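Below is entry_36.cif, holding mmCIF, C-alpha atoms and all ligand atoms.
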data_run
#
loop_
_atom_site.label_atom_id
_atom_site.label_comp_id
_atom_site.auth_asym_id
_atom_site.auth_seq_id
_atom_site.Cartn_x
_atom_site.Cartn_y
_atom_site.Cartn_z
CA MET A 1 239.93 245.31 185.18
CA ALA A 2 238.51 248.77 184.85
CA VAL A 3 235.43 249.77 186.79
CA THR A 4 232.47 249.60 184.43
CA VAL A 5 229.75 252.21 184.11
CA LYS A 6 226.42 250.80 183.03
CA SER A 7 224.03 252.27 180.48
CA ALA A 8 220.40 252.99 181.30
CA ARG A 9 219.37 249.80 179.50
CA GLN A 10 221.92 247.72 181.38
CA ILE A 11 220.78 249.21 184.68
CA GLU A 12 217.21 248.32 183.77
CA LEU A 13 218.26 244.67 183.38
CA MET A 14 220.10 244.79 186.71
CA ARG A 15 217.00 246.35 188.27
CA THR A 16 215.00 243.32 187.19
CA ALA A 17 217.70 240.96 188.49
CA GLY A 18 217.60 242.89 191.77
CA LYS A 19 213.83 242.80 192.03
CA TYR A 20 213.84 239.01 191.71
CA LEU A 21 216.59 238.70 194.30
CA ALA A 22 214.74 240.95 196.76
CA GLU A 23 211.67 238.75 196.37
CA LEU A 24 213.78 235.61 196.80
CA HIS A 25 215.20 236.91 200.07
CA GLU A 26 211.74 237.77 201.31
CA ARG A 27 210.42 234.32 200.52
CA MET A 28 213.41 232.54 202.07
CA GLY A 29 213.20 234.74 205.17
CA GLU A 30 209.53 233.85 205.63
CA SER A 31 210.31 230.12 205.33
CA LEU A 32 213.11 230.00 207.90
CA LYS A 33 212.23 228.11 211.03
CA ALA A 34 213.71 225.89 213.71
CA GLY A 35 213.97 222.27 212.57
CA MET A 36 214.80 223.18 208.98
CA SER A 37 218.13 222.02 207.54
CA THR A 38 220.43 224.47 205.80
CA LEU A 39 220.23 222.21 202.73
CA GLU A 40 216.46 222.73 202.60
CA ILE A 41 217.06 226.49 202.46
CA ASP A 42 219.39 226.01 199.52
CA GLN A 43 216.96 223.74 197.69
CA LEU A 44 214.10 226.18 198.23
CA GLY A 45 216.24 229.11 197.09
CA GLU A 46 217.45 227.42 193.94
CA LYS A 47 213.90 226.38 193.05
CA ILE A 48 212.66 229.97 193.43
CA ILE A 49 215.56 231.37 191.37
CA ARG A 50 214.86 228.94 188.52
CA SER A 51 211.11 229.66 188.71
CA TYR A 52 211.99 233.26 187.74
CA GLY A 53 213.81 231.97 184.66
CA CYS A 54 217.09 233.07 186.29
CA GLU A 55 220.31 231.22 187.12
CA PRO A 56 221.92 231.02 190.57
CA ASN A 57 225.29 232.77 190.24
CA PHE A 58 226.86 231.20 193.32
CA LEU A 59 226.34 227.60 192.17
CA ASN A 60 229.70 226.25 190.92
CA TYR A 61 231.31 229.69 191.35
CA ASN A 62 234.97 228.69 191.85
CA GLY A 63 233.50 225.31 192.71
CA PHE A 64 231.00 226.44 195.37
CA PRO A 65 228.55 223.51 195.66
CA ALA A 66 225.28 225.38 196.32
CA SER A 67 223.06 228.28 195.24
CA ILE A 68 222.64 229.87 198.66
CA CYS A 69 225.40 230.48 201.19
CA VAL A 70 223.94 229.67 204.60
CA SER A 71 226.20 230.80 207.45
CA VAL A 72 225.09 230.09 211.01
CA ASN A 73 226.22 231.87 214.21
CA GLU A 74 230.05 232.15 214.18
CA GLU A 75 230.08 231.46 210.43
CA VAL A 76 230.64 234.76 208.66
CA VAL A 77 230.07 233.87 205.01
CA HIS A 78 230.27 231.03 202.47
CA GLY A 79 228.61 228.44 204.70
CA ILE A 80 227.87 225.30 202.70
CA PRO A 81 224.27 224.04 203.06
CA LYS A 82 224.07 220.61 204.71
CA LYS A 83 221.39 218.02 205.31
CA ASN A 84 222.50 217.47 208.91
CA ARG A 85 222.81 221.13 209.90
CA ILE A 86 219.46 221.76 211.55
CA LEU A 87 218.45 225.26 212.57
CA LYS A 88 217.40 225.79 216.16
CA GLU A 89 215.89 228.56 218.24
CA GLY A 90 218.32 231.45 218.72
CA ASP A 91 220.47 230.66 215.68
CA VAL A 92 221.73 233.62 213.68
CA VAL A 93 221.44 232.71 210.01
CA SER A 94 223.05 234.74 207.24
CA LEU A 95 221.72 234.03 203.76
CA ASP A 96 223.88 235.30 200.93
CA CYS A 97 222.91 234.68 197.32
CA GLY A 98 222.54 236.12 193.90
CA LEU A 99 221.06 235.41 190.52
CA ILE A 100 221.63 236.12 186.85
CA TYR A 101 218.90 237.65 184.70
CA LYS A 102 219.68 237.92 180.98
CA GLY A 103 223.40 237.92 181.72
CA TRP A 104 223.23 240.49 184.53
CA HIS A 105 224.06 239.70 188.15
CA SER A 106 222.53 240.69 191.46
CA ASP A 107 223.94 239.92 194.91
CA ALA A 108 222.47 240.47 198.37
CA ALA A 109 222.66 239.09 201.91
CA ARG A 110 220.36 239.15 204.93
CA THR A 111 220.89 237.95 208.49
CA HIS A 112 217.93 236.42 210.32
CA ILE A 113 217.46 235.29 213.91
CA ILE A 114 215.48 232.10 214.46
CA GLY A 115 213.00 232.98 217.19
CA ASP A 116 214.55 235.01 219.97
CA ALA A 117 218.15 235.84 220.88
CA PRO A 118 219.99 237.90 223.51
CA LYS A 119 219.77 241.67 223.05
CA GLU A 120 223.45 241.94 222.16
CA VAL A 121 222.89 239.57 219.23
CA LYS A 122 219.78 241.42 218.03
CA ASP A 123 221.70 244.69 218.25
CA LEU A 124 224.58 243.24 216.20
CA VAL A 125 222.21 242.15 213.43
CA GLU A 126 220.36 245.48 213.39
CA ARG A 127 223.53 247.58 213.45
CA THR A 128 225.19 245.54 210.72
CA LYS A 129 222.18 246.30 208.52
CA GLN A 130 222.27 249.95 209.53
CA SER A 131 225.99 250.18 208.69
CA PHE A 132 225.09 249.39 205.07
CA PHE A 133 222.64 252.30 205.01
CA GLU A 134 225.23 254.57 206.64
CA GLY A 135 227.87 253.57 204.12
CA ILE A 136 225.77 254.05 201.00
CA GLN A 137 225.00 257.63 201.98
CA MET A 138 228.51 258.23 200.64
CA ALA A 139 227.86 256.33 197.39
CA VAL A 140 227.22 259.46 195.37
CA ASP A 141 228.24 260.78 191.98
CA GLY A 142 231.52 262.70 192.41
CA GLY A 143 232.28 261.14 195.81
CA HIS A 144 235.15 258.78 196.56
CA LEU A 145 234.94 255.03 196.99
CA TYR A 146 236.56 254.87 200.39
CA ASP A 147 234.13 257.41 201.83
CA ILE A 148 231.80 254.38 201.91
CA SER A 149 234.41 252.32 203.80
CA ASN A 150 235.17 255.12 206.23
CA ARG A 151 231.52 255.70 207.01
CA ILE A 152 230.83 252.03 207.74
CA ASP A 153 233.92 251.86 209.98
CA SER A 154 233.07 255.00 211.95
CA TYR A 155 229.50 253.81 212.55
CA ILE A 156 230.49 250.27 213.59
CA SER A 157 233.59 251.05 215.62
CA GLY A 158 231.55 252.95 218.19
CA PHE A 159 229.94 249.67 219.25
CA GLY A 160 233.24 247.83 219.75
CA TYR A 161 232.43 245.16 217.16
CA GLY A 162 235.01 243.54 214.92
CA ILE A 163 234.86 244.46 211.25
CA VAL A 164 235.86 241.60 208.96
CA ARG A 165 238.78 242.79 206.86
CA ASP A 166 239.61 239.70 204.86
CA LEU A 167 236.43 239.96 202.78
CA VAL A 168 235.09 243.05 201.06
CA GLY A 169 232.32 244.38 198.84
CA HIS A 170 232.75 244.66 195.08
CA GLY A 171 231.60 245.97 191.75
CA ILE A 172 228.99 243.84 189.99
CA GLY A 173 227.47 243.61 186.52
CA GLN A 174 228.04 241.02 183.84
CA LYS A 175 230.27 239.35 186.39
CA LEU A 176 229.42 238.61 190.01
CA HIS A 177 232.66 240.16 191.22
CA GLU A 178 234.00 243.17 189.35
CA ASP A 179 236.32 245.97 190.35
CA PRO A 180 236.49 247.89 192.59
CA GLN A 181 236.92 246.14 195.92
CA ILE A 182 235.02 247.91 198.70
CA PRO A 183 236.52 247.43 202.18
CA ASN A 184 234.28 247.89 205.21
CA PHE A 185 237.01 249.51 207.28
CA ALA A 186 238.71 252.92 207.19
CA GLN A 187 241.21 253.58 204.41
CA LYS A 188 244.11 255.99 204.25
CA LYS A 189 243.57 256.78 200.56
CA LYS A 190 240.45 258.22 198.99
CA GLY A 191 239.85 255.52 196.41
CA ILE A 192 238.45 256.03 192.92
CA ARG A 193 236.00 258.76 192.12
CA LEU A 194 232.45 257.45 191.95
CA CYS A 195 230.15 258.25 189.09
CA ALA A 196 226.55 257.64 188.09
CA GLY A 197 226.04 254.23 186.52
CA MET A 198 228.54 252.35 188.69
CA THR A 199 226.94 249.29 190.25
CA LEU A 200 228.30 248.09 193.57
CA ALA A 201 227.62 245.33 196.08
CA VAL A 202 228.20 246.88 199.51
CA GLU A 203 228.34 244.20 202.19
CA PRO A 204 229.49 244.79 205.75
CA MET A 205 230.40 241.61 207.67
CA ILE A 206 230.56 242.32 211.39
CA ASN A 207 231.54 240.11 214.34
CA LEU A 208 230.36 240.50 217.92
CA GLY A 209 233.96 239.88 219.00
CA ARG A 210 237.12 240.45 217.03
CA GLY A 211 237.17 240.92 213.28
CA ASP A 212 239.75 238.21 212.50
CA VAL A 213 238.50 235.18 210.62
CA ASP A 214 239.53 231.58 209.92
CA TRP A 215 238.75 229.31 207.00
CA LEU A 216 237.40 225.87 207.89
CA ASP A 217 238.80 222.69 206.36
CA ASP A 218 236.06 222.66 203.71
CA ASP A 219 238.03 225.59 202.19
CA TRP A 220 234.85 227.68 202.00
CA THR A 221 233.29 228.41 205.35
CA VAL A 222 234.68 231.57 206.92
CA VAL A 223 234.25 231.77 210.71
CA SER A 224 235.13 234.42 213.25
CA ALA A 225 238.51 233.49 214.73
CA ASP A 226 237.17 233.90 218.27
CA ARG A 227 233.96 232.06 217.25
CA SER A 228 231.80 235.02 218.19
CA VAL A 229 228.50 235.53 216.36
CA SER A 230 228.70 237.26 212.99
CA ALA A 231 226.22 239.20 210.87
CA HIS A 232 226.17 240.14 207.18
CA TYR A 233 224.04 242.56 205.19
CA GLU A 234 224.38 243.31 201.50
CA ASN A 235 222.61 244.94 198.60
CA THR A 236 223.43 245.73 195.01
CA ILE A 237 223.19 249.47 194.40
CA VAL A 238 223.59 251.84 191.48
CA ILE A 239 225.04 255.32 191.84
CA THR A 240 222.70 257.95 190.43
CA LYS A 241 223.07 261.51 189.19
CA ASP A 242 220.92 262.96 191.93
CA GLY A 243 222.36 262.19 195.34
CA GLU A 244 220.96 258.99 196.82
CA PRO A 245 222.00 255.71 195.24
CA GLU A 246 219.24 253.38 194.10
CA ILE A 247 219.14 250.06 195.95
CA LEU A 248 218.36 247.38 193.38
CA THR A 249 217.83 244.44 195.76
CA ILE A 250 215.21 245.77 198.19
MG MG A 301 226.68 238.26 198.46
MG MG A 302 228.86 240.17 197.32
#

What do you get writing this file as structure tokens?
Ligand code: MG
Ligand code: MG
Amino acid sequence: MAVTVKSARQIELMRTAGKYLAELHERMGESLKAGMSTLEIDQLGEKIIRSYGCEPNFLNYNGFPASICVSVNEEVVHGIPKKNRILKEGDVVSLDCGLIYKGWHSDAARTHIIGDAPKEVKDLVERTKQSFFEGIQMAVDGGHLYDISNRIDSYISGFGYGIVRDLVGHGIGQKLHEDPQIPNFAQKKKGIRLCAGMTLAVEPMINLGRGDVDWLDDDWTVVSADRSVSAHYENTIVITKDGEPEILTI
């Protein structure tokens, strides 16, 4: 599939989708607390999405059974919400979700810490977020796709963390996952040339230990192979004519 370039009107629709998703993340983040089940987070998230007149795009995606991916501690992504998974103090909770507004998708992820956690965990969460902001500095009209990958890698590698390689960022638009794929680790090639109007979901997934991952028997949940804590940060962005990309989901 070719990489699509969106018109001003299409970007406006994605901007609205992004605005709702940013608000959703804020509201879910404020609600997180010890004692809450991961299923409650999903139910709250789905309710908020539908209150906007939007549809959750993760629900039933390739059979995924929920609207919000809730991945705790060593879970990297695609954690399935459960009634008996109760959050406790010190848990690292990644919420990944998206919604559809008038046929247009948004996708974003945030990692939260319940209460307090060791400094090395707080640093991991903060630096994973920062790696997104480092990477998107390269998401400019006329630049190359893998400049984003290389920048994320060079920022993260200095800390000795493991970059997840089996999962990558992606284009987004009328589909949740469009071309191109956006790795979070250094590439030998340059990748496609970027141009204004391309909409991308950039999403570093970083482990405190090694970057290798396993899939659990539920066929969804991805965990760090060494079971070290993992963090995830994602936004949907649009490349603009004048330097900085616009972040649609903040
Ligand atoms: Mg996502
Ligand atoms: Mg994504």

Expected selection as a compact mmCIF listing (two decimals) with C-alpha atoms, in the frame of the given file for ligand MG 302 (chain A) within 8 Å, all atoms listed in the file:
# COMPACT_ATOMS: atom_id res chain seq x y z
CA ASP A 96 223.88 235.30 200.93
CA ASP A 107 223.94 239.92 194.91
CA ALA A 108 222.47 240.47 198.37
CA ALA A 109 222.66 239.09 201.91
CA VAL A 168 235.09 243.05 201.06
CA GLY A 169 232.32 244.38 198.84
CA HIS A 170 232.75 244.66 195.08
CA LEU A 176 229.42 238.61 190.01
CA HIS A 177 232.66 240.16 191.22
CA ALA A 201 227.62 245.33 196.08
CA VAL A 202 228.20 246.88 199.51
CA GLU A 203 228.34 244.20 202.19
CA GLU A 234 224.38 243.31 201.50
CA ASN A 235 222.61 244.94 198.60

- Item | Cut-off 12 Å, all atoms listed in the file, neighbours of ligand MG 301 (chain A) as a ChimeraX atom specification | /A:21,25,56-58,67-71,76-79,94-99,105-111,167-172,176-177,200-205,232-236,249

Take the residues from that selection and write them out as an mmCIF file, keeping the file's coordinate frame, keeping C-alpha atoms.
data_model
loop_
_atom_site.group_PDB
_atom_site.id
_atom_site.type_symbol
_atom_site.label_atom_id
_atom_site.label_comp_id
_atom_site.auth_asym_id
_atom_site.auth_seq_id
_atom_site.Cartn_x
_atom_site.Cartn_y
_atom_site.Cartn_z
ATOM 1 C CA LEU A 21 216.590 238.700 194.300
ATOM 2 C CA HIS A 25 215.200 236.910 200.070
ATOM 3 C CA PRO A 56 221.920 231.020 190.570
ATOM 4 C CA ASN A 57 225.290 232.770 190.240
ATOM 5 C CA PHE A 58 226.860 231.200 193.320
ATOM 6 C CA SER A 67 223.060 228.280 195.240
ATOM 7 C CA ILE A 68 222.640 229.870 198.660
ATOM 8 C CA CYS A 69 225.400 230.480 201.190
ATOM 9 C CA VAL A 70 223.940 229.670 204.600
ATOM 10 C CA SER A 71 226.200 230.800 207.450
ATOM 11 C CA VAL A 76 230.640 234.760 208.660
ATOM 12 C CA VAL A 77 230.070 233.870 205.010
ATOM 13 C CA HIS A 78 230.270 231.030 202.470
ATOM 14 C CA GLY A 79 228.610 228.440 204.700
ATOM 15 C CA SER A 94 223.050 234.740 207.240
ATOM 16 C CA LEU A 95 221.720 234.030 203.760
ATOM 17 C CA ASP A 96 223.880 235.300 200.930
ATOM 18 C CA CYS A 97 222.910 234.680 197.320
ATOM 19 C CA GLY A 98 222.540 236.120 193.900
ATOM 20 C CA LEU A 99 221.060 235.410 190.520
ATOM 21 C CA HIS A 105 224.060 239.700 188.150
ATOM 22 C CA SER A 106 222.530 240.690 191.460
ATOM 23 C CA ASP A 107 223.940 239.920 194.910
ATOM 24 C CA ALA A 108 222.470 240.470 198.370
ATOM 25 C CA ALA A 109 222.660 239.090 201.910
ATOM 26 C CA ARG A 110 220.360 239.150 204.930
ATOM 27 C CA THR A 111 220.890 237.950 208.490
ATOM 28 C CA LEU A 167 236.430 239.960 202.780
ATOM 29 C CA VAL A 168 235.090 243.050 201.060
ATOM 30 C CA GLY A 169 232.320 244.380 198.840
ATOM 31 C CA HIS A 170 232.750 244.660 195.080
ATOM 32 C CA GLY A 171 231.600 245.970 191.750
ATOM 33 C CA ILE A 172 228.990 243.840 189.990
ATOM 34 C CA LEU A 176 229.420 238.610 190.010
ATOM 35 C CA HIS A 177 232.660 240.160 191.220
ATOM 36 C CA LEU A 200 228.300 248.090 193.570
ATOM 37 C CA ALA A 201 227.620 245.330 196.080
ATOM 38 C CA VAL A 202 228.200 246.880 199.510
ATOM 39 C CA GLU A 203 228.340 244.200 202.190
ATOM 40 C CA PRO A 204 229.490 244.790 205.750
ATOM 41 C CA MET A 205 230.400 241.610 207.670
ATOM 42 C CA HIS A 232 226.170 240.140 207.180
ATOM 43 C CA TYR A 233 224.040 242.560 205.190
ATOM 44 C CA GLU A 234 224.380 243.310 201.500
ATOM 45 C CA ASN A 235 222.610 244.940 198.600
ATOM 46 C CA THR A 236 223.430 245.730 195.010
ATOM 47 C CA THR A 249 217.830 244.440 195.760
#

- Item | Top pick for closest residue to A:Leu194, considering A:Arg165, A:Arg151, A:Lys241, A:Arg227 and counting all atoms listed in the file |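 Looking only at the distances to A:Leu194, the closest residue turns out to be A:Lys241.
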
- For the point (225.5, 252.1, 204.8) in the file's frame, write as a list in words all residues with an atom no more than 9 Å away, counting all atoms listed in the file. Thr128, Lys129, Gln130, Ser131, Phe132, Phe133, Glu134, Gly135, Ile136, Gln137, Met138, Ala139, Ile148, Ser149, Arg151, Ile152, Tyr155, Val202, Glu203 and Pro204 of chain A

- Non-local contacts of A:Ile247 (9 Å; all atoms listed in the file; under 4 positions in same chain excluded) as a ChimeraX atom specification: /A:15,18,235-239

- Message: I'd like the neighbourhood of A:Glu46 as a PyMOL selection string, where a residue qualifies if any of its atoms comes within 10 Å (using all atoms listed in the file), though same-chain residues fewer than 3 positions away should be ignored.
- Response: chain A and resi 24+40-43+49-51+54-56+59+66-68+97+99

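Counting only C-alpha atoms and comparing A:Arg210, A:Ile100, A:Lys88, A:Ser31, the residue that lies closest to A:Lys19 is A:Ile100.
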
- Message: Just to confirm, what's the straight-line distance from atom CA of A:Asp153 to atom CA of A:Val121 in Å (one decimal)?
- Response: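 If I compute the distance from atom CA of A:Asp153 to atom CA of A:Val121, I get 18.9 Å.
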
- Item | Separation of atom CA of A:Pro245 from atom CA of A:Tyr101 in Å |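 That distance, rounded to one decimal, is 21.1 Å.
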
Could you work out an axis-aligned box for stretch 164-177 of chain A, taking every atom the file lists and adding 4 Å on each side, and report centre and edge lengths in Å to one decimal, as JSON?
{"center_x": 233.5, "center_y": 242.3, "center_z": 196.4, "size_x": 20.1, "size_y": 15.4, "size_z": 33.1}

- Item | Nearest to A:Ser224 by atom-to-atom distance, counting all atoms listed in the file, from A:Glu246, A:Pro81, A:Asn73, A:Gly103 |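 Ranking A:Glu246, A:Pro81, A:Asn73, A:Gly103 by distance to A:Ser224, first place goes to A:Asn73.
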
- Note on the structure: Nearest to A:Ser228, restricted to only C-alpha atoms and choosing among A:Gly173, A:Gly162, A:Pro118, A:Pro183, comes out as A:Gly162

- Task: Find the residue from A:Tyr20, A:Ile113, A:Gly191, A:Lys102 that sits nearest to A:Asn150; use only C-alpha atoms when measuring.
- Result: A:Gly191

Counting only C-alpha atoms, what is within 10 Å of A:Gln10, bar same-chain residues fewer than 2 positions away, as a PDB file with C-alpha atoms, keeping the file's coordinate frame?
ATOM      1  CA  VAL A   5     229.750 252.210 184.110  1.00  0.00           C
ATOM      2  CA  LYS A   6     226.420 250.800 183.030  1.00  0.00           C
ATOM      3  CA  SER A   7     224.030 252.270 180.480  1.00  0.00           C
ATOM      4  CA  ALA A   8     220.400 252.990 181.300  1.00  0.00           C
ATOM      5  CA  GLU A  12     217.210 248.320 183.770  1.00  0.00           C
ATOM      6  CA  LEU A  13     218.260 244.670 183.380  1.00  0.00           C
ATOM      7  CA  MET A  14     220.100 244.790 186.710  1.00  0.00           C
ATOM      8  CA  ARG A  15     217.000 246.350 188.270  1.00  0.00           C
ATOM      9  CA  GLY A 103     223.400 237.920 181.720  1.00  0.00           C
ATOM     10  CA  TRP A 104     223.230 240.490 184.530  1.00  0.00           C
ATOM     11  CA  GLY A 173     227.470 243.610 186.520  1.00  0.00           C
ATOM     12  CA  GLN A 174     228.040 241.020 183.840  1.00  0.00           C
ATOM     13  CA  GLY A 197     226.040 254.230 186.520  1.00  0.00           C
TER      14      GLY A 197
END

Atoms added to stretch 238-248 of chain A (all heavy atoms), reported as a compact mmCIF listing (two decimals), keeping the file's coordinate frame:
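Saved result, part.txt, follows:
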# COMPACT_ATOMS: atom_id res chain seq x y z
N VAL A 238 223.06 251.10 192.62
CA VAL A 238 223.59 251.84 191.48
C VAL A 238 223.70 253.30 191.88
O VAL A 238 222.80 253.86 192.53
CB VAL A 238 222.71 251.65 190.21
CG1 VAL A 238 221.26 252.03 190.43
CG2 VAL A 238 223.29 252.44 189.03
N ILE A 239 224.83 253.90 191.53
CA ILE A 239 225.04 255.32 191.84
C ILE A 239 224.26 256.14 190.81
O ILE A 239 224.27 255.83 189.61
CB ILE A 239 226.54 255.64 191.84
CG1 ILE A 239 227.18 254.89 193.01
CG2 ILE A 239 226.79 257.14 191.94
CD1 ILE A 239 228.67 254.99 193.07
N THR A 240 223.57 257.15 191.30
CA THR A 240 222.70 257.95 190.43
C THR A 240 223.24 259.38 190.31
O THR A 240 224.16 259.77 191.03
CB THR A 240 221.27 258.03 191.00
OG1 THR A 240 221.32 258.74 192.24
CG2 THR A 240 220.70 256.63 191.24
N LYS A 241 222.65 260.12 189.40
CA LYS A 241 223.07 261.51 189.19
C LYS A 241 222.62 262.43 190.31
O LYS A 241 223.21 263.46 190.56
CB LYS A 241 222.50 262.02 187.87
CG LYS A 241 223.26 261.54 186.64
CD LYS A 241 223.37 262.67 185.63
CE LYS A 241 224.16 262.32 184.39
NZ LYS A 241 225.25 261.36 184.57
N ASP A 242 221.52 262.02 190.98
CA ASP A 242 220.92 262.96 191.93
C ASP A 242 221.00 262.48 193.38
O ASP A 242 220.00 262.11 193.97
CB ASP A 242 219.47 263.25 191.54
CG ASP A 242 218.78 262.03 190.96
OD1 ASP A 242 218.94 260.94 191.53
OD2 ASP A 242 218.11 262.16 189.93
N GLY A 243 222.20 262.46 193.91
CA GLY A 243 222.36 262.19 195.34
C GLY A 243 222.26 260.73 195.70
O GLY A 243 223.16 259.95 195.40
N GLU A 244 221.15 260.35 196.31
CA GLU A 244 220.96 258.99 196.82
C GLU A 244 221.21 257.91 195.78
O GLU A 244 220.71 258.00 194.66
CB GLU A 244 219.50 258.84 197.26
CG GLU A 244 219.09 259.75 198.36
CD GLU A 244 218.98 259.03 199.68
OE1 GLU A 244 218.24 258.03 199.74
OE2 GLU A 244 219.64 259.46 200.63
N PRO A 245 221.92 256.85 196.15
CA PRO A 245 222.00 255.71 195.24
C PRO A 245 220.65 254.97 195.22
O PRO A 245 219.86 255.10 196.15
CB PRO A 245 223.08 254.83 195.87
CG PRO A 245 223.05 255.17 197.32
CD PRO A 245 222.64 256.61 197.41
N GLU A 246 220.44 254.23 194.16
CA GLU A 246 219.24 253.38 194.10
C GLU A 246 219.64 251.99 194.56
O GLU A 246 220.64 251.42 194.09
CB GLU A 246 218.71 253.34 192.67
CG GLU A 246 217.48 252.47 192.52
CD GLU A 246 217.01 252.35 191.07
OE1 GLU A 246 217.46 253.15 190.21
OE2 GLU A 246 216.23 251.43 190.79
N ILE A 247 218.87 251.43 195.48
CA ILE A 247 219.14 250.06 195.95
C ILE A 247 218.33 249.12 195.07
O ILE A 247 217.11 249.22 195.00
CB ILE A 247 218.73 249.90 197.43
CG1 ILE A 247 219.48 250.94 198.29
CG2 ILE A 247 219.04 248.49 197.91
CD1 ILE A 247 219.02 250.98 199.74
N LEU A 248 219.03 248.23 194.37
CA LEU A 248 218.36 247.38 193.38
C LEU A 248 217.76 246.12 194.00
O LEU A 248 216.90 245.50 193.39
CB LEU A 248 219.34 246.98 192.28
CG LEU A 248 219.97 248.13 191.50
CD1 LEU A 248 220.95 247.61 190.47
CD2 LEU A 248 218.90 248.99 190.82
